[in-house]
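Next comes model05.pdb, a file with PDB, C-alpha atoms and all ligand atoms.
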```
ATOM      1  CA  MET A  14     116.132  13.863  80.424  1.00  0.00           C
ATOM      2  CA  LEU A  15     115.572  13.196  76.743  1.00  0.00           C
ATOM      3  CA  PHE A  16     114.184  16.699  76.192  1.00  0.00           C
ATOM      4  CA  THR A  17     116.735  18.584  78.290  1.00  0.00           C
ATOM      5  CA  PRO A  18     118.911  19.753  75.348  1.00  0.00           C
ATOM      6  CA  THR A  19     115.817  21.038  73.502  1.00  0.00           C
ATOM      7  CA  VAL A  20     114.528  22.866  76.587  1.00  0.00           C
ATOM      8  CA  VAL A  21     117.910  24.493  77.205  1.00  0.00           C
ATOM      9  CA  LYS A  22     118.196  25.469  73.522  1.00  0.00           C
ATOM     10  CA  ASN A  23     114.719  27.037  73.539  1.00  0.00           C
ATOM     11  CA  LEU A  24     115.447  28.929  76.731  1.00  0.00           C
ATOM     12  CA  LEU A  25     118.595  30.442  75.259  1.00  0.00           C
ATOM     13  CA  LYS A  26     117.404  31.430  71.787  1.00  0.00           C
ATOM     14  CA  LYS A  27     115.336  34.499  70.843  1.00  0.00           C
ATOM     15  CA  PRO A  28     111.537  34.100  70.800  1.00  0.00           C
ATOM     16  CA  ALA A  29     110.065  33.214  67.397  1.00  0.00           C
ATOM     17  CA  THR A  30     107.134  35.597  67.881  1.00  0.00           C
ATOM     18  CA  ARG A  31     106.924  39.398  68.145  1.00  0.00           C
ATOM     19  CA  ASN A  32     105.945  41.188  71.313  1.00  0.00           C
ATOM     20  CA  TYR A  33     102.781  42.598  69.687  1.00  0.00           C
ATOM     21  CA  PRO A  34     101.450  45.318  70.083  1.00  0.00           C
ATOM     22  CA  PHE A  35     104.802  46.786  71.205  1.00  0.00           C
ATOM     23  CA  VAL A  36     106.608  45.371  68.177  1.00  0.00           C
ATOM     24  CA  VAL A  37     104.612  45.632  64.947  1.00  0.00           C
ATOM     25  CA  ARG A  38     105.580  43.868  61.735  1.00  0.00           C
ATOM     26  CA  GLU A  39     106.338  45.976  58.641  1.00  0.00           C
ATOM     27  CA  PRO A  40     103.264  45.954  56.368  1.00  0.00           C
ATOM     28  CA  PHE A  41     103.322  43.962  53.137  1.00  0.00           C
ATOM     29  CA  PRO A  42     103.001  45.870  49.849  1.00  0.00           C
ATOM     30  CA  ASN A  43      99.373  46.195  48.630  1.00  0.00           C
ATOM     31  CA  PHE A  44      98.075  44.850  51.933  1.00  0.00           C
ATOM     32  CA  ARG A  45      94.313  45.469  52.363  1.00  0.00           C
ATOM     33  CA  GLY A  46      94.112  47.191  55.727  1.00  0.00           C
ATOM     34  CA  GLU A  47      92.061  50.040  57.137  1.00  0.00           C
ATOM     35  CA  LEU A  48      89.405  51.437  54.795  1.00  0.00           C
ATOM     36  CA  VAL A  49      89.517  55.210  54.283  1.00  0.00           C
ATOM     37  CA  ILE A  50      87.010  57.465  52.524  1.00  0.00           C
ATOM     38  CA  ASP A  51      87.469  60.955  51.123  1.00  0.00           C
ATOM     39  CA  ILE A  52      83.848  61.958  51.712  1.00  0.00           C
ATOM     40  CA  ASP A  53      84.219  65.166  49.685  1.00  0.00           C
ATOM     41  CA  LYS A  54      84.679  63.048  46.546  1.00  0.00           C
ATOM     42  CA  CYS A  55      81.724  60.740  47.283  1.00  0.00           C
ATOM     43  CA  ILE A  56      78.727  61.169  44.967  1.00  0.00           C
ATOM     44  CA  PHE A  57      76.530  58.809  47.049  1.00  0.00           C
ATOM     45  CA  CYS A  58      75.919  56.498  44.112  1.00  0.00           C
ATOM     46  CA  GLY A  59      75.690  53.460  46.422  1.00  0.00           C
ATOM     47  CA  MET A  60      77.911  51.250  44.270  1.00  0.00           C
ATOM     48  CA  CYS A  61      80.125  50.363  47.268  1.00  0.00           C
ATOM     49  CA  SER A  62      77.059  49.312  49.233  1.00  0.00           C
ATOM     50  CA  ARG A  63      75.755  47.117  46.403  1.00  0.00           C
ATOM     51  CA  LYS A  64      79.120  45.411  45.859  1.00  0.00           C
ATOM     52  CA  CYS A  65      79.981  44.823  49.543  1.00  0.00           C
ATOM     53  CA  PRO A  66      79.686  41.076  50.281  1.00  0.00           C
ATOM     54  CA  SER A  67      79.225  41.755  53.996  1.00  0.00           C
ATOM     55  CA  GLN A  68      76.459  44.318  53.435  1.00  0.00           C
ATOM     56  CA  CYS A  69      78.156  46.577  55.939  1.00  0.00           C
ATOM     57  CA  ILE A  70      77.978  49.854  53.980  1.00  0.00           C
ATOM     58  CA  THR A  71      74.914  52.103  54.059  1.00  0.00           C
ATOM     59  CA  VAL A  72      74.635  55.126  51.777  1.00  0.00           C
ATOM     60  CA  ASP A  73      71.922  57.745  52.222  1.00  0.00           C
ATOM     61  CA  LYS A  74      71.921  60.008  49.190  1.00  0.00           C
ATOM     62  CA  GLU A  75      69.316  62.427  50.567  1.00  0.00           C
ATOM     63  CA  LYS A  76      71.092  62.999  53.878  1.00  0.00           C
ATOM     64  CA  GLY A  77      74.566  62.759  52.359  1.00  0.00           C
ATOM     65  CA  THR A  78      75.784  60.108  54.791  1.00  0.00           C
ATOM     66  CA  TRP A  79      78.042  57.134  54.217  1.00  0.00           C
ATOM     67  CA  SER A  80      78.432  54.570  57.001  1.00  0.00           C
ATOM     68  CA  CYS A  81      80.209  51.287  57.556  1.00  0.00           C
ATOM     69  CA  ASP A  82      79.730  48.654  60.261  1.00  0.00           C
ATOM     70  CA  LEU A  83      83.370  48.071  61.164  1.00  0.00           C
ATOM     71  CA  HIS A  84      82.701  44.699  62.804  1.00  0.00           C
ATOM     72  CA  ALA A  85      81.189  43.326  59.618  1.00  0.00           C
ATOM     73  CA  CYS A  86      83.908  44.554  57.236  1.00  0.00           C
ATOM     74  CA  ILE A  87      86.188  41.764  56.029  1.00  0.00           C
ATOM     75  CA  SER A  88      88.648  44.096  54.260  1.00  0.00           C
ATOM     76  CA  CYS A  89      88.004  42.506  50.874  1.00  0.00           C
ATOM     77  CA  GLY A  90      88.438  45.782  48.988  1.00  0.00           C
ATOM     78  CA  TYR A  91      85.442  45.288  46.660  1.00  0.00           C
ATOM     79  CA  CYS A  92      83.985  48.686  47.610  1.00  0.00           C
ATOM     80  CA  ARG A  93      87.271  50.415  46.830  1.00  0.00           C
ATOM     81  CA  ASP A  94      87.645  48.583  43.510  1.00  0.00           C
ATOM     82  CA  HIS A  95      84.148  49.550  42.308  1.00  0.00           C
ATOM     83  CA  CYS A  96      83.942  53.159  43.539  1.00  0.00           C
ATOM     84  CA  PRO A  97      83.566  55.346  40.409  1.00  0.00           C
ATOM     85  CA  THR A  98      85.203  58.413  41.978  1.00  0.00           C
ATOM     86  CA  LYS A  99      88.066  56.486  43.668  1.00  0.00           C
ATOM     87  CA  CYS A 100      87.220  58.088  47.009  1.00  0.00           C
ATOM     88  CA  LEU A 101      87.746  54.796  48.860  1.00  0.00           C
ATOM     89  CA  THR A 102      91.278  53.636  49.612  1.00  0.00           C
ATOM     90  CA  MET A 103      92.876  51.153  51.982  1.00  0.00           C
ATOM     91  CA  LYS A 104      95.859  51.719  54.225  1.00  0.00           C
ATOM     92  CA  ASP A 105      98.531  49.037  54.481  1.00  0.00           C
ATOM     93  CA  THR A 106      97.895  48.683  58.222  1.00  0.00           C
ATOM     94  CA  HIS A 107      95.005  47.254  60.241  1.00  0.00           C
ATOM     95  CA  ARG A 108      92.500  49.362  62.149  1.00  0.00           C
ATOM     96  CA  LYS A 109      93.085  49.086  65.907  1.00  0.00           C
ATOM     97  CA  PRO A 110      90.979  46.395  67.624  1.00  0.00           C
ATOM     98  CA  LEU A 111      87.541  47.534  68.816  1.00  0.00           C
ATOM     99  CA  THR A 112      85.937  46.528  72.093  1.00  0.00           C
ATOM    100  CA  GLU A 113      82.361  47.285  71.106  1.00  0.00           C
ATOM    101  CA  ARG A 114      80.259  47.295  67.948  1.00  0.00           C
ATOM    102  CA  THR A 115      81.040  50.492  66.074  1.00  0.00           C
ATOM    103  CA  VAL A 116      79.378  52.023  63.048  1.00  0.00           C
ATOM    104  CA  TRP A 117      81.595  54.547  61.325  1.00  0.00           C
ATOM    105  CA  VAL A 118      79.542  57.418  59.894  1.00  0.00           C
ATOM    106  CA  GLU A 119      80.789  60.118  57.521  1.00  0.00           C
ATOM    107  CA  GLN A 120      78.717  63.193  56.740  1.00  0.00           C
ATOM    108  CA  GLY A 121      79.174  64.646  53.283  1.00  0.00           C
ATOM    109  CA  THR A 122      77.311  67.113  51.117  1.00  0.00           C
ATOM    110  CA  PRO A 123      74.253  65.532  49.501  1.00  0.00           C
ATOM    111  CA  PRO A 124      74.059  66.051  45.744  1.00  0.00           C
ATOM    112  CA  LYS A 125      71.546  68.642  44.572  1.00  0.00           C
ATOM    113  CA  PRO A 126      68.409  67.068  43.084  1.00  0.00           C
ATOM    114  CA  LYS A 127      68.261  67.292  39.305  1.00  0.00           C
ATOM    115  CA  LYS A 128      65.740  69.751  37.910  1.00  0.00           C
ATOM    116  CA  LYS A 129      62.966  68.122  35.921  1.00  0.00           C
ATOM    117  CA  LYS A 130      62.806  69.190  32.288  1.00  0.00           C
ATOM    118  CA  ALA A 131      59.680  71.090  31.296  1.00  0.00           C
ATOM    119  CA  PRO A 132      57.506  69.047  28.928  1.00  0.00           C
ATOM    120  CA  ALA A 133      57.963  70.048  25.266  1.00  0.00           C
ATOM    121  CA  GLU A 134      55.265  72.390  24.000  1.00  0.00           C
ATOM    122  CA  LYS A 135      52.849  70.927  21.490  1.00  0.00           C
ATOM    123  CA  LYS A 136      52.908  72.308  17.992  1.00  0.00           C
ATOM    124  CA  ASP A 137      49.819  74.337  16.953  1.00  0.00           C
ATOM    125  CA  ASP A 138      49.014  72.188  13.898  1.00  0.00           C
ATOM    126  CA  GLU A 139      48.769  68.941  15.907  1.00  0.00           C
TER     127      GLU A 139
HETATM  128  S1  LIG B   1      80.919  53.939  45.442  1.00  0.00           S
HETATM  129 FE1  LIG B   1      82.241  55.667  46.031  1.00  0.00          FE
HETATM  130  S2  LIG B   1      81.128  57.471  45.286  1.00  0.00           S
HETATM  131 FE2  LIG B   1      79.655  55.782  45.334  1.00  0.00          FE
HETATM  132  S3  LIG B   1      78.660  55.920  47.344  1.00  0.00           S
HETATM  133 FE3  LIG B   1      80.386  54.502  47.554  1.00  0.00          FE
HETATM  134  S4  LIG B   1      82.083  55.754  48.263  1.00  0.00           S
HETATM  135 FE4  LIG B   1      80.551  57.152  47.442  1.00  0.00          FE
HETATM  136  S1  LIG B   2      86.261  46.171  52.298  1.00  0.00           S
HETATM  137 FE1  LIG B   2      84.786  44.618  51.619  1.00  0.00          FE
HETATM  138  S2  LIG B   2      83.632  44.070  53.451  1.00  0.00           S
HETATM  139 FE2  LIG B   2      84.694  45.987  53.916  1.00  0.00          FE
HETATM  140  S3  LIG B   2      83.221  47.585  53.403  1.00  0.00           S
HETATM  141 FE3  LIG B   2      84.459  47.258  51.563  1.00  0.00          FE
HETATM  142  S4  LIG B   2      83.333  45.743  50.349  1.00  0.00           S
HETATM  143 FE4  LIG B   2      82.497  45.698  52.438  1.00  0.00          FE
END
```
Write out the structure in this file as structure tokens.
Amino acid sequence: MLFTPTVVKNLLKKPATRNYPFVVREPFPNFRGELVIDIDKCIFCGMCSRKCPSQCITVDKEKGTWSCDLHACISCGYCRDHCPTKCLTMKDTHRKPLTERTVWVEQGTPPKPKKKKAPAEKKDDE
């Protein structure tokens, strides 16, 4: 009996939660959500891989591939902040939930190997 007014009040007022995923909250400004890469701008330097605290990025310079283990990513944004070509960005929304372990692989164009300089010719009087 003591709780009856509270129960009636709670039954009559709107729910305090959203009916997710049917009702999605507006994203906050500068929210670190889904990671996106513009693979055409990637130079395969590996900086993102070295800075990632979760070690979820793998860069293969020879094959021109960039991959990310989506289950290991914690959306910290370190890779984006340290990318020299700014090809990594983050959306202000989350990636949809995954039901199995997924590695996201992007195929780019591997950089051409640098030509080795010919050794300088020795002078005759040496
Ligand atoms: S830091 Fe940027 S340019 Fe370098 S490998 Fe990562 S995504 Fe590519
Ligand atoms: S956002 Fe953070 S955890 Fe995710 S790939 Fe980039 S550096 Fe790694």
Name the residues, using the chain letters and numbers of the file, that sit within 7 Å of (88.0, 43.4, 65.7) when counting all atoms listed in the file, and give them as a list in words.
His84, Pro110 and Leu111 of chain A
What residues come out when you apply the PyMOL selection byres (((not hetatm)) within 12 of (chain B and resi 2)) to this file, written as an NGL selection string?
:A and (44-50 or 59-72 or 79-96 or 101-104 or 107-108 or 116-117)
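Taking atom CA of Val37 of chain A as the reference point, atom CA of Val20 of chain A is found at 27.4 Å.
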Using all atoms of ligand LIG 1 (chain B) that appear in the file, construct an axis-aligned enclosing box with 3 Å of padding on every side and provide its centre coordinates and edge lengths in Å, rounded to one decimal, as AutoDock Vina command-line options.
```
--center_x 80.5 --center_y 55.7 --center_z 46.8 --size_x 9.6 --size_y 9.5 --size_z 9.0
```
Using all atoms listed in the file, which of the listed residues (A:Gln120, A:Thr106, A:Thr98, A:Thr115) sits closest to ligand LIG 1 (chain B)?
A:Thr98
Counting only C-alpha atoms and all ligand atoms, which of A:Pro40, A:Lys129, A:Cys55, A:Phe16 gets nearest to ligand LIG 1 (chain B)?
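Smallest distance to ligand LIG 1 (chain B) is found for A:Cys55.
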Minimum-distance residue to Asp73 of chain A, chosen among A:Leu15, A:Lys109, A:Ala131, A:Phe57 (using all atoms listed in the file)
A:Phe57
Measuring between only C-alpha atoms and all ligand atoms, which one of A:Val36, A:Val21, A:Ala29, A:Cys100 shows the shortest distance to ligand LIG 1 (chain B)?
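With only C-alpha atoms and all ligand atoms as the atom set, the closest residue is A:Cys100.
Take the candidates A:Asn43, A:Asn32, A:Ile52, A:Asn23 and check each one against Lys99 of chain A using all atoms listed in the file; the shortest distance goes to A:Ile52.
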Report the distance between atom FE2 of ligand LIG 1 (chain B) and atom CA of Lys127 of chain A in Å, rounded to one decimal place.
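Between atom FE2 of ligand LIG 1 (chain B) and atom CA of Lys127 of chain A the gap is 17.3 Å.
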One-decimal distance in Å that lies between atom CA of Thr112 of chain A and atom CA of Asp51 of chain A:
25.5 Å
Fewer than 6 positions away in the same chain doesn't count, so skip those; otherwise give me all residues within 10 Å of Glu75 of chain A, counting only C-alpha atoms, as a PyMOL selection string.
chain A and resi 57+122-126
Can you pull segment 76-92 of chain A out of that block with N, CA, C and O atoms and hand it back as a PDB file, in the first residue's frame?
```pdb
ATOM      1  N   LYS A  76      52.008  -5.457 -49.744  1.00  0.00           N
ATOM      2  CA  LYS A  76      50.742  -5.849 -50.385  1.00  0.00           C
ATOM      3  C   LYS A  76      49.778  -4.674 -50.529  1.00  0.00           C
ATOM      4  O   LYS A  76      48.785  -4.758 -51.244  1.00  0.00           O
ATOM      5  N   GLY A  77      50.034  -3.603 -49.793  1.00  0.00           N
ATOM      6  CA  GLY A  77      49.147  -2.442 -49.848  1.00  0.00           C
ATOM      7  C   GLY A  77      47.829  -2.681 -49.135  1.00  0.00           C
ATOM      8  O   GLY A  77      46.785  -2.214 -49.558  1.00  0.00           O
ATOM      9  N   THR A  78      47.891  -3.426 -48.013  1.00  0.00           N
ATOM     10  CA  THR A  78      46.656  -3.673 -47.259  1.00  0.00           C
ATOM     11  C   THR A  78      46.715  -3.005 -45.895  1.00  0.00           C
ATOM     12  O   THR A  78      47.777  -2.882 -45.279  1.00  0.00           O
ATOM     13  N   TRP A  79      45.563  -2.584 -45.453  1.00  0.00           N
ATOM     14  CA  TRP A  79      45.379  -1.997 -44.123  1.00  0.00           C
ATOM     15  C   TRP A  79      44.214  -2.744 -43.488  1.00  0.00           C
ATOM     16  O   TRP A  79      43.155  -2.879 -44.115  1.00  0.00           O
ATOM     17  N   SER A  80      44.383  -3.291 -42.305  1.00  0.00           N
ATOM     18  CA  SER A  80      43.275  -4.030 -41.690  1.00  0.00           C
ATOM     19  C   SER A  80      43.136  -3.689 -40.217  1.00  0.00           C
ATOM     20  O   SER A  80      44.089  -3.252 -39.565  1.00  0.00           O
ATOM     21  N   CYS A  81      41.926  -3.882 -39.725  1.00  0.00           N
ATOM     22  CA  CYS A  81      41.614  -3.540 -38.336  1.00  0.00           C
ATOM     23  C   CYS A  81      40.686  -4.607 -37.757  1.00  0.00           C
ATOM     24  O   CYS A  81      39.660  -4.948 -38.363  1.00  0.00           O
ATOM     25  N   ASP A  82      41.063  -5.133 -36.597  1.00  0.00           N
ATOM     26  CA  ASP A  82      40.214  -6.093 -35.886  1.00  0.00           C
ATOM     27  C   ASP A  82      39.147  -5.279 -35.134  1.00  0.00           C
ATOM     28  O   ASP A  82      39.427  -4.650 -34.120  1.00  0.00           O
ATOM     29  N   LEU A  83      37.946  -5.296 -35.659  1.00  0.00           N
ATOM     30  CA  LEU A  83      36.895  -4.415 -35.125  1.00  0.00           C
ATOM     31  C   LEU A  83      36.514  -4.749 -33.683  1.00  0.00           C
ATOM     32  O   LEU A  83      36.047  -3.886 -32.944  1.00  0.00           O
ATOM     33  N   HIS A  84      36.700  -5.993 -33.268  1.00  0.00           N
ATOM     34  CA  HIS A  84      36.351  -6.356 -31.893  1.00  0.00           C
ATOM     35  C   HIS A  84      37.374  -5.833 -30.890  1.00  0.00           C
ATOM     36  O   HIS A  84      37.078  -5.726 -29.711  1.00  0.00           O
ATOM     37  N   ALA A  85      38.570  -5.546 -31.363  1.00  0.00           N
ATOM     38  CA  ALA A  85      39.610  -5.083 -30.450  1.00  0.00           C
ATOM     39  C   ALA A  85      39.658  -3.559 -30.369  1.00  0.00           C
ATOM     40  O   ALA A  85      40.223  -3.010 -29.432  1.00  0.00           O
ATOM     41  N   CYS A  86      39.075  -2.882 -31.346  1.00  0.00           N
ATOM     42  CA  CYS A  86      39.135  -1.410 -31.377  1.00  0.00           C
ATOM     43  C   CYS A  86      38.320  -0.810 -30.235  1.00  0.00           C
ATOM     44  O   CYS A  86      37.178  -1.191 -30.003  1.00  0.00           O
ATOM     45  N   ILE A  87      38.940   0.123 -29.513  1.00  0.00           N
ATOM     46  CA  ILE A  87      38.258   0.768 -28.390  1.00  0.00           C
ATOM     47  C   ILE A  87      37.869   2.212 -28.718  1.00  0.00           C
ATOM     48  O   ILE A  87      37.532   2.993 -27.827  1.00  0.00           O
ATOM     49  N   SER A  88      37.960   2.569 -29.990  1.00  0.00           N
ATOM     50  CA  SER A  88      37.558   3.902 -30.466  1.00  0.00           C
ATOM     51  C   SER A  88      38.266   5.032 -29.724  1.00  0.00           C
ATOM     52  O   SER A  88      37.651   6.041 -29.384  1.00  0.00           O
ATOM     53  N   CYS A  89      39.564   4.846 -29.481  1.00  0.00           N
ATOM     54  CA  CYS A  89      40.301   5.880 -28.742  1.00  0.00           C
ATOM     55  C   CYS A  89      40.697   7.048 -29.643  1.00  0.00           C
ATOM     56  O   CYS A  89      40.908   8.155 -29.169  1.00  0.00           O
ATOM     57  N   GLY A  90      40.845   6.772 -30.947  1.00  0.00           N
ATOM     58  CA  GLY A  90      41.185   7.842 -31.879  1.00  0.00           C
ATOM     59  C   GLY A  90      42.669   8.120 -32.026  1.00  0.00           C
ATOM     60  O   GLY A  90      43.058   9.044 -32.732  1.00  0.00           O
ATOM     61  N   TYR A  91      43.537   7.331 -31.355  1.00  0.00           N
ATOM     62  CA  TYR A  91      44.977   7.568 -31.451  1.00  0.00           C
ATOM     63  C   TYR A  91      45.472   7.421 -32.885  1.00  0.00           C
ATOM     64  O   TYR A  91      46.332   8.157 -33.331  1.00  0.00           O
ATOM     65  N   CYS A  92      44.957   6.407 -33.598  1.00  0.00           N
ATOM     66  CA  CYS A  92      45.400   6.173 -34.979  1.00  0.00           C
ATOM     67  C   CYS A  92      45.060   7.394 -35.835  1.00  0.00           C
ATOM     68  O   CYS A  92      45.892   7.863 -36.606  1.00  0.00           O
TER      69      CYS A  92
END
```
